[in-house]
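Chemist: Coordinates in work_7.cif, mmCIF, C-alpha atoms and all ligand atoms, are listed below.
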data_structure
loop_
_atom_site.label_atom_id
_atom_site.label_comp_id
_atom_site.auth_asym_id
_atom_site.auth_seq_id
_atom_site.Cartn_x
_atom_site.Cartn_y
_atom_site.Cartn_z
CA MET E 12 -9.65 15.87 -44.39
CA LYS E 13 -12.78 14.04 -45.52
CA LEU E 14 -13.41 10.34 -45.09
CA PHE E 15 -16.04 8.54 -47.15
CA ILE E 16 -16.95 5.01 -46.14
CA ASP E 17 -18.86 3.08 -48.76
CA THR E 18 -19.89 -0.25 -47.28
CA ASP E 19 -21.69 -1.29 -50.50
CA GLU E 20 -18.56 -0.79 -52.62
CA GLN E 21 -16.32 -1.79 -49.69
CA GLN E 22 -14.17 1.30 -50.13
CA LEU E 23 -12.72 4.04 -47.95
CA THR E 24 -11.93 7.29 -49.73
CA VAL E 25 -9.72 9.91 -48.11
CA GLU E 26 -9.83 13.42 -49.51
CA GLY E 27 -7.26 15.95 -48.28
CA HIS E 28 -4.71 18.58 -49.35
CA ALA E 29 -2.70 15.92 -51.16
CA GLY E 30 -5.71 14.80 -53.22
CA ARG E 31 -7.99 11.80 -53.13
CA CYS E 32 -7.05 8.24 -52.33
CA THR E 33 -9.30 5.18 -52.24
CA TYR E 34 -8.58 2.04 -50.24
CA ASP E 35 -10.20 -1.33 -49.91
CA LEU E 36 -12.42 -0.88 -46.83
CA TYR E 37 -11.05 -4.10 -45.33
CA SER E 38 -7.37 -3.31 -45.94
CA ARG E 39 -4.63 -2.58 -43.40
CA GLN E 40 -4.51 1.07 -44.50
CA ALA E 41 -8.27 1.51 -44.03
CA PHE E 42 -8.05 -0.11 -40.59
CA GLU E 43 -5.28 2.33 -39.56
CA ILE E 44 -7.10 5.41 -40.90
CA ILE E 45 -10.44 4.46 -39.31
CA SER E 46 -8.80 3.45 -36.01
CA TYR E 47 -6.97 6.78 -35.82
CA GLN E 48 -10.28 8.61 -36.27
CA CYS E 49 -11.98 6.26 -33.80
CA LEU E 50 -9.26 7.05 -31.22
CA LYS E 51 -10.03 10.77 -31.56
CA VAL E 52 -13.81 10.35 -31.37
CA GLY E 53 -13.41 7.91 -28.47
CA TRP E 54 -11.22 10.31 -26.52
CA ASN E 55 -13.76 13.10 -27.04
CA GLN E 56 -16.44 10.73 -25.70
CA LYS E 57 -14.14 9.82 -22.73
CA TYR E 58 -13.94 6.17 -23.80
CA PRO E 59 -10.65 5.72 -21.85
CA TYR E 60 -12.60 6.80 -18.75
CA THR E 61 -14.80 3.69 -18.76
CA PHE E 62 -12.45 0.96 -17.50
CA SER E 63 -11.32 -0.43 -14.19
CA TRP E 64 -8.75 -2.96 -13.04
CA MET E 65 -9.63 -5.13 -10.04
CA GLY E 66 -12.06 -2.54 -8.76
CA ARG E 67 -10.11 0.69 -9.39
CA PRO E 68 -10.71 3.07 -12.32
CA ILE E 69 -7.85 2.96 -14.83
CA ILE E 70 -7.73 5.82 -17.32
CA GLN E 71 -6.20 4.03 -20.27
CA LEU E 72 -7.07 2.52 -23.60
CA PRO E 73 -7.27 -1.29 -23.35
CA GLU E 74 -4.65 -1.71 -26.10
CA ASP E 75 -2.17 0.40 -24.10
CA ILE E 76 -2.84 -1.78 -21.05
CA VAL E 77 -2.13 -4.95 -23.03
CA ARG E 78 0.96 -3.49 -24.72
CA VAL E 79 2.52 -2.31 -21.44
CA GLN E 80 1.77 -5.77 -19.99
CA GLU E 81 3.78 -7.30 -22.86
CA VAL E 82 6.73 -5.08 -21.97
CA ILE E 83 6.48 -5.69 -18.22
CA TYR E 84 6.37 -9.46 -18.70
CA ARG E 85 9.41 -9.30 -21.00
CA VAL E 86 11.50 -6.87 -18.91
CA LYS E 87 10.46 -8.33 -15.55
CA PRO E 88 11.23 -5.17 -13.57
CA ASP E 89 12.08 -5.14 -9.89
CA VAL E 90 10.42 -1.73 -9.67
CA ILE E 91 7.83 0.12 -11.74
CA VAL E 92 7.69 3.86 -11.07
CA GLU E 93 4.52 5.61 -12.18
CA THR E 94 3.99 9.36 -12.00
CA GLY E 95 0.31 10.32 -12.06
CA ILE E 96 -1.83 7.71 -10.35
CA ALA E 97 -5.33 9.29 -10.20
CA HIS E 98 -7.73 6.60 -8.86
CA GLY E 99 -4.97 4.00 -8.66
CA GLY E 100 -6.20 1.58 -11.34
CA SER E 101 -2.89 1.59 -13.20
CA LEU E 102 -0.99 0.97 -9.94
CA ILE E 103 -3.27 -1.96 -9.14
CA PHE E 104 -2.82 -3.28 -12.68
CA TYR E 105 0.99 -3.18 -12.41
CA ALA E 106 0.78 -4.71 -8.93
CA SER E 107 -1.39 -7.55 -10.25
CA LEU E 108 1.30 -8.34 -12.83
CA CYS E 109 4.00 -8.29 -10.13
CA LYS E 110 1.97 -10.71 -8.04
CA ALA E 111 1.39 -13.00 -11.03
CA MET E 112 5.12 -12.88 -11.91
CA ASP E 113 6.07 -13.36 -8.27
CA GLY E 114 8.38 -10.33 -8.34
CA GLY E 115 8.45 -6.58 -8.50
CA ARG E 116 6.92 -3.66 -6.70
CA ILE E 117 5.38 -0.31 -7.61
CA ILE E 118 6.13 3.27 -6.60
CA GLY E 119 3.29 5.68 -7.41
CA VAL E 120 3.74 9.45 -7.34
CA ASP E 121 0.93 11.99 -7.51
CA ILE E 122 0.73 15.67 -6.65
CA GLU E 123 -2.63 15.05 -5.01
CA ILE E 124 -3.69 11.64 -3.75
CA ARG E 125 -7.31 12.25 -2.86
CA PRO E 126 -8.25 10.73 0.50
CA HIS E 127 -10.87 8.33 -0.93
CA ASN E 128 -8.39 7.11 -3.56
CA ARG E 129 -5.67 6.64 -0.95
CA VAL E 130 -8.03 4.65 1.29
CA ALA E 131 -9.13 2.46 -1.63
CA ILE E 132 -5.52 1.80 -2.74
CA GLU E 133 -4.23 1.19 0.79
CA ASN E 134 -7.08 -1.23 1.53
CA HIS E 135 -6.74 -3.13 -1.73
CA GLU E 136 -5.47 -6.71 -1.53
CA LEU E 137 -2.54 -5.68 -3.76
CA ALA E 138 -1.53 -2.76 -1.51
CA PRO E 139 1.58 -4.58 -0.18
CA TYR E 140 3.12 -4.19 -3.66
CA ILE E 141 2.60 -0.43 -3.74
CA THR E 142 4.35 2.57 -2.16
CA LEU E 143 2.57 5.90 -2.53
CA VAL E 144 4.52 9.16 -2.66
CA GLN E 145 2.60 12.43 -2.59
CA GLY E 146 4.05 15.54 -4.22
CA SER E 147 5.00 16.91 -7.61
CA SER E 148 6.94 14.39 -9.66
CA VAL E 149 9.51 17.08 -10.53
CA ASP E 150 9.99 18.38 -6.99
CA GLU E 151 13.61 17.56 -6.05
CA ARG E 152 12.53 16.16 -2.66
CA ILE E 153 10.06 13.81 -4.34
CA VAL E 154 12.63 12.65 -6.91
CA THR E 155 15.10 12.00 -4.06
CA ARG E 156 12.43 10.12 -2.08
CA VAL E 157 11.57 7.91 -5.09
CA LYS E 158 15.25 7.16 -5.72
CA SER E 159 15.77 6.30 -2.05
CA LEU E 160 13.18 3.52 -2.46
CA ILE E 161 15.18 1.81 -5.22
CA ASN E 162 18.29 -0.28 -4.64
CA PRO E 163 21.37 -0.05 -6.90
CA GLY E 164 21.21 -2.53 -9.77
CA GLU E 165 17.45 -3.03 -9.63
CA ARG E 166 15.70 -3.28 -12.99
CA VAL E 167 13.36 -0.32 -13.35
CA ILE E 168 10.59 0.77 -15.76
CA VAL E 169 9.32 4.36 -15.47
CA ILE E 170 5.87 5.38 -16.73
CA LEU E 171 5.16 9.11 -16.88
CA ASP E 172 1.41 9.82 -16.74
CA SER E 173 1.11 13.02 -14.71
CA ASN E 174 1.09 16.56 -16.09
CA HIS E 175 1.34 16.17 -19.87
CA THR E 176 2.84 19.52 -20.89
CA LYS E 177 6.05 19.18 -22.89
CA ALA E 178 7.98 21.19 -20.27
CA HIS E 179 6.82 18.99 -17.39
CA VAL E 180 7.45 15.72 -19.22
CA LEU E 181 10.93 16.92 -20.20
CA LYS E 182 11.67 17.65 -16.54
CA GLU E 183 10.39 14.20 -15.56
CA LEU E 184 12.50 12.54 -18.25
CA GLU E 185 15.56 14.41 -16.95
CA ALA E 186 14.75 13.53 -13.34
CA TYR E 187 14.01 9.80 -13.70
CA HIS E 188 15.85 8.51 -16.80
CA ASP E 189 18.95 7.48 -14.85
CA LEU E 190 16.83 4.91 -12.99
CA VAL E 191 16.08 3.03 -16.20
CA SER E 192 18.03 -0.16 -16.78
CA ILE E 193 19.55 -1.06 -20.15
CA GLY E 194 16.87 -2.79 -22.22
CA SER E 195 14.12 -1.23 -20.13
CA TYR E 196 11.94 1.79 -20.87
CA ILE E 197 10.82 5.20 -19.73
CA VAL E 198 7.43 5.99 -21.24
CA ALA E 199 6.02 9.45 -21.92
CA THR E 200 2.34 8.54 -22.15
CA ASP E 201 -0.48 10.44 -23.85
CA GLY E 202 1.51 11.73 -26.83
CA SER E 203 -1.81 11.40 -28.67
CA MET E 204 -2.52 14.93 -27.43
CA LYS E 205 -0.89 16.12 -30.67
CA ASP E 206 -3.64 14.28 -32.58
CA LEU E 207 -6.39 15.52 -30.26
CA ALA E 208 -5.60 19.23 -30.69
CA ASP E 209 -8.50 19.69 -33.11
CA VAL E 210 -11.22 17.67 -31.35
CA PRO E 211 -13.91 19.56 -29.39
CA ARG E 212 -12.40 18.75 -25.97
CA GLY E 213 -8.84 19.37 -27.22
CA ASN E 214 -6.55 22.39 -27.27
CA PRO E 215 -4.79 23.79 -30.38
CA GLU E 216 -1.55 24.22 -28.38
CA TRP E 217 -1.32 20.45 -27.97
CA ILE E 218 0.01 20.23 -31.55
CA TYR E 219 3.43 21.25 -30.21
CA ASP E 220 2.92 21.06 -26.44
CA ASN E 221 2.66 17.34 -25.79
CA PRO E 222 4.56 14.38 -24.29
CA SER E 223 5.81 12.92 -27.58
CA ALA E 224 7.46 16.27 -28.40
CA ALA E 225 9.22 15.99 -25.03
CA ALA E 226 10.30 12.41 -25.80
CA ARG E 227 11.69 13.49 -29.18
CA ASP E 228 13.71 16.37 -27.70
CA PHE E 229 14.94 14.16 -24.86
CA ALA E 230 16.09 11.40 -27.25
CA LYS E 231 18.10 13.94 -29.27
CA GLN E 232 20.01 14.96 -26.14
CA HIS E 233 20.33 11.47 -24.60
CA THR E 234 21.58 9.05 -27.20
CA GLN E 235 21.53 6.18 -24.72
CA PHE E 236 17.75 6.18 -25.38
CA VAL E 237 15.90 5.44 -28.62
CA ILE E 238 12.24 6.04 -29.38
CA GLU E 239 10.86 2.70 -30.36
CA GLN E 240 7.45 1.05 -30.26
CA PRO E 241 8.09 -2.18 -28.31
CA PRO E 242 8.01 -5.22 -30.60
CA TRP E 243 4.78 -7.22 -30.51
CA VAL E 244 5.22 -10.61 -28.88
CA PHE E 245 2.54 -12.20 -31.07
CA ASN E 246 1.42 -11.10 -34.51
CA GLU E 247 -0.38 -13.25 -37.05
CA SER E 248 -1.69 -10.15 -38.87
CA GLY E 249 -0.18 -7.81 -41.42
CA LEU E 250 -0.52 -4.96 -38.92
CA THR E 251 2.47 -3.24 -37.33
CA GLU E 252 1.27 -0.09 -35.55
CA ASN E 253 -0.18 0.27 -32.06
CA ILE E 254 -3.62 1.89 -31.82
CA THR E 255 -2.54 3.98 -28.90
CA HIS E 256 -2.67 7.08 -26.77
CA TRP E 257 1.07 6.65 -26.20
CA PRO E 258 2.51 7.24 -29.73
CA GLY E 259 6.18 8.15 -29.86
CA GLY E 260 6.44 7.82 -26.09
CA TRP E 261 8.39 4.59 -25.58
CA LEU E 262 12.07 5.37 -24.90
CA ARG E 263 14.23 2.26 -24.67
CA ARG E 264 17.59 2.49 -22.98
CA VAL E 265 20.15 0.95 -25.30
CA VAL E 266 23.43 1.59 -23.44
C1 LIG X 301 -4.10 11.02 -16.35
S1 LIG X 301 -4.14 10.98 -14.60
C2 LIG X 301 -3.29 9.47 -14.27
C3 LIG X 301 -4.03 8.26 -14.70
C4 LIG X 301 -3.53 6.96 -14.15
N1 LIG X 301 -2.13 6.73 -14.45
C5 LIG X 301 -4.33 5.81 -14.71
O1 LIG X 301 -3.83 5.11 -15.60
O2 LIG X 301 -5.46 5.61 -14.26
C6 LIG X 301 -3.01 12.25 -14.18
C7 LIG X 301 -2.65 12.38 -12.71
O3 LIG X 301 -1.46 13.17 -12.64
C8 LIG X 301 -1.49 13.90 -11.46
N2 LIG X 301 -0.55 15.03 -11.59
C9 LIG X 301 -0.71 16.23 -12.22
N3 LIG X 301 0.37 16.99 -12.09
C10 LIG X 301 1.28 16.27 -11.38
C11 LIG X 301 2.60 16.52 -10.92
N4 LIG X 301 3.21 17.68 -11.16
N5 LIG X 301 3.22 15.54 -10.23
C12 LIG X 301 2.62 14.37 -9.97
N6 LIG X 301 1.35 14.09 -10.37
C13 LIG X 301 0.70 15.03 -11.06
C14 LIG X 301 -2.95 14.31 -11.29
O4 LIG X 301 -3.21 14.61 -9.92
C15 LIG X 301 -3.67 13.07 -11.81
O5 LIG X 301 -4.02 12.22 -10.75
#
Just give me the structure as structure tokens.
Modeler:
Amino acid sequence: MKLFIDTDEQQLTVEGHAGRCTYDLYSRQAFEIISYQCLKVGWNQKYPYTFSWMGRPIIQLPEDIVRVQEVIYRVKPDVIVETGIAHGGSLIFYASLCKAMDGGRIIGVDIEIRPHNRVAIENHELAPYITLVQGSSVDERIVTRVKSLINPGERVIVILDSNHTKAHVLKELEAYHDLVSIGSYIVATDGSMKDLADVPRGNPEWIYDNPSAAARDFAKQHTQFVIEQPPWVFNESGLTENITHWPGGWLRRVV
């Protein structure tokens, strides 16, 4: 595909297999096409690796952080389970929301919690909101341990951000989906891998081996879940689509 941006004529032209199409450079369509390309270039430049939350690195796109905040504030979970915690920035972010909402706690699972990350998380002022569990998120003992930390009837959101192969995410979805309350979500993050298969740091196998493929297969087998981008709480624009590394990853429990 070729993109031509003409700022003098204020036009974006897209040339691909299907032919040539020209858009007003300041239109919704041009914004979506340019943002999609920007997401890919930004990922290759490690843009999501430039943020922190209250002192801890958080490996996310700011829009995804704001969108998950919208969901957490609406659902008001008793427990947020996150698999894949890395430096702990996402745990601290979720904990900061729990503190602000005066409710909720976090369970973070990682196969390897590096000692310096553990120390930083455990010494953080929001540490009382967080329980760390070390081990593979699909190890039966770890799944049992996580479930033992949650009381019957508690409202739960699950965010899967560990190993992003389709097989692993499918196993995680199978292992944790029964925790999710009706109206709440289990999220298979980083489905953008399918779009990153052709960038220099990407991998061609990601076209089919990615978290959104796992979410799609899971939803076919578990009709109590639907794939659905959470509705925006506020929107005075004509836009409708998230600019996100989590496309096709939000599974809402409907029954
Ligand atoms: C993308 S990082 C997580 C980023 C973090 N959620 C954030 O927002 O900053 C992925 C993490 O998943 C962990 N991981 C990889 N395989 C795993 C597994 N099988 N079980 C649990 N964690 C795993 C890695 O150790 C790494 O820390």
Chemist: Return as a PyMOL selection string every polymer residue, whether protein, DNA or RNA, with at least one atom no more than 7 Å from an atom of ligand LIG 301 (chain X); count all atoms listed in the file.
Modeler: chain E and resi 68-71+94-101+120-124+146-149+172-174
Chemist: With distances taken over all atoms listed in the file, which of E:Ser107, E:Asn221, E:Gln48, E:Asn253 is nearest to Thr200 in chain E?
Modeler: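 Looking only at the distances to Thr200 in chain E, the closest residue turns out to be E:Asn221.
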Chemist: So the first atom is CA of Ala111 in chain E and the second is CA of Arg263 in chain E; what is the distance between them in Å, to one decimal place?
Modeler: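 A separation of 24.2 Å between them.
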Chemist: Restricting the calculation to all atoms listed in the file: of E:Val25, E:Ile45, E:Ile118, E:Val86, which residue gets closest to Ile161 in chain E?
Modeler: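 Once distances to Ile161 in chain E are computed over all atoms listed in the file, the minimum belongs to E:Ile118.
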Chemist: List as a list in words the residues having at least one atom at most 9 Å from position (12.5, -6.7, -10.8) as given in the file, counting only C-alpha atoms.
Modeler: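 Checked against the point, the hits come out as Val86, Lys87, Pro88, Asp89, Val90, Ile91, Cys109, Gly114, Gly115, Arg116, Glu165, Arg166 and Val167 of chain E.
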Chemist: For those residues, write C-alpha atoms to a file as a compact mmCIF listing (two decimals), in the coordinates of the input.
Modeler:
# COMPACT_ATOMS: atom_id res chain seq x y z
CA VAL E 86 11.50 -6.87 -18.91
CA LYS E 87 10.46 -8.33 -15.55
CA PRO E 88 11.23 -5.17 -13.57
CA ASP E 89 12.08 -5.14 -9.89
CA VAL E 90 10.42 -1.73 -9.67
CA ILE E 91 7.83 0.12 -11.74
CA CYS E 109 4.00 -8.29 -10.13
CA GLY E 114 8.38 -10.33 -8.34
CA GLY E 115 8.45 -6.58 -8.50
CA ARG E 116 6.92 -3.66 -6.70
CA GLU E 165 17.45 -3.03 -9.63
CA ARG E 166 15.70 -3.28 -12.99
CA VAL E 167 13.36 -0.32 -13.35
Chemist: Which is closer to Ser38 in chain E than all the others in E:Leu250, E:Val266, E:Gln80, E:Glu20, using only C-alpha atoms?
Modeler: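 Checking each candidate against Ser38 in chain E, we get E:Leu250 as the closest.
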Chemist: For each of E:Val191, E:Glu185, E:Cys49, E:Arg156, take the minimum atom-to-atom distance to Gln232 in chain E, counting all atoms listed in the file, then give the residue where this is smallest.
Modeler: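 Of E:Val191, E:Glu185, E:Cys49, E:Arg156, the one nearest Gln232 in chain E is E:Glu185, counting all atoms listed in the file.
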Chemist: Which of these residues is nearest to Ala225 in chain E, using all atoms listed in the file: E:Glu247, E:Glu183, E:Asp189, E:Asp209?
Modeler: E:Glu183
Chemist: Excluding same-chain residues fewer than 3 positions from Leu36 in chain E, what lies within 8 Å of it counting only C-alpha atoms, as a ChimeraX atom specification?
Modeler: /E:16-18,21-23,41-42
Chemist: In Å, rounded to a single decimal, give me how far CA of Glu216 in chain E is from CA of Phe62 in chain E.
Modeler: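 Rounded to one decimal, the two atoms are 27.9 Å apart.
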Chemist: For CA of Tyr60 in chain E and CA of Leu72 in chain E, quote the distance in Å rounded to one decimal.
Modeler: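 Computed distance, CA of Tyr60 in chain E to CA of Leu72 in chain E, equals 8.5 Å.
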Chemist: Set the distance at 10 Å and use only C-alpha atoms: which residues neighbour Ser203 in chain E once local chain neighbours fewer than 4 positions away are removed? I'd like the list as a list in words.
Modeler: Tyr47, Leu50, Lys51, Trp54, Leu207, Ala208, Trp217, Ile218, Asn221, Pro222, Ser223, Thr255, His256, Trp257, Pro258, Gly259 and Gly260 of chain E
Chemist: Could you check which of E:Tyr105, E:Val210, E:Leu181, E:Leu160 is closest to Val82 in chain E, using all atoms listed in the file?
Modeler: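 Residue with the minimum atom-to-atom distance to Val82 in chain E: E:Tyr105.
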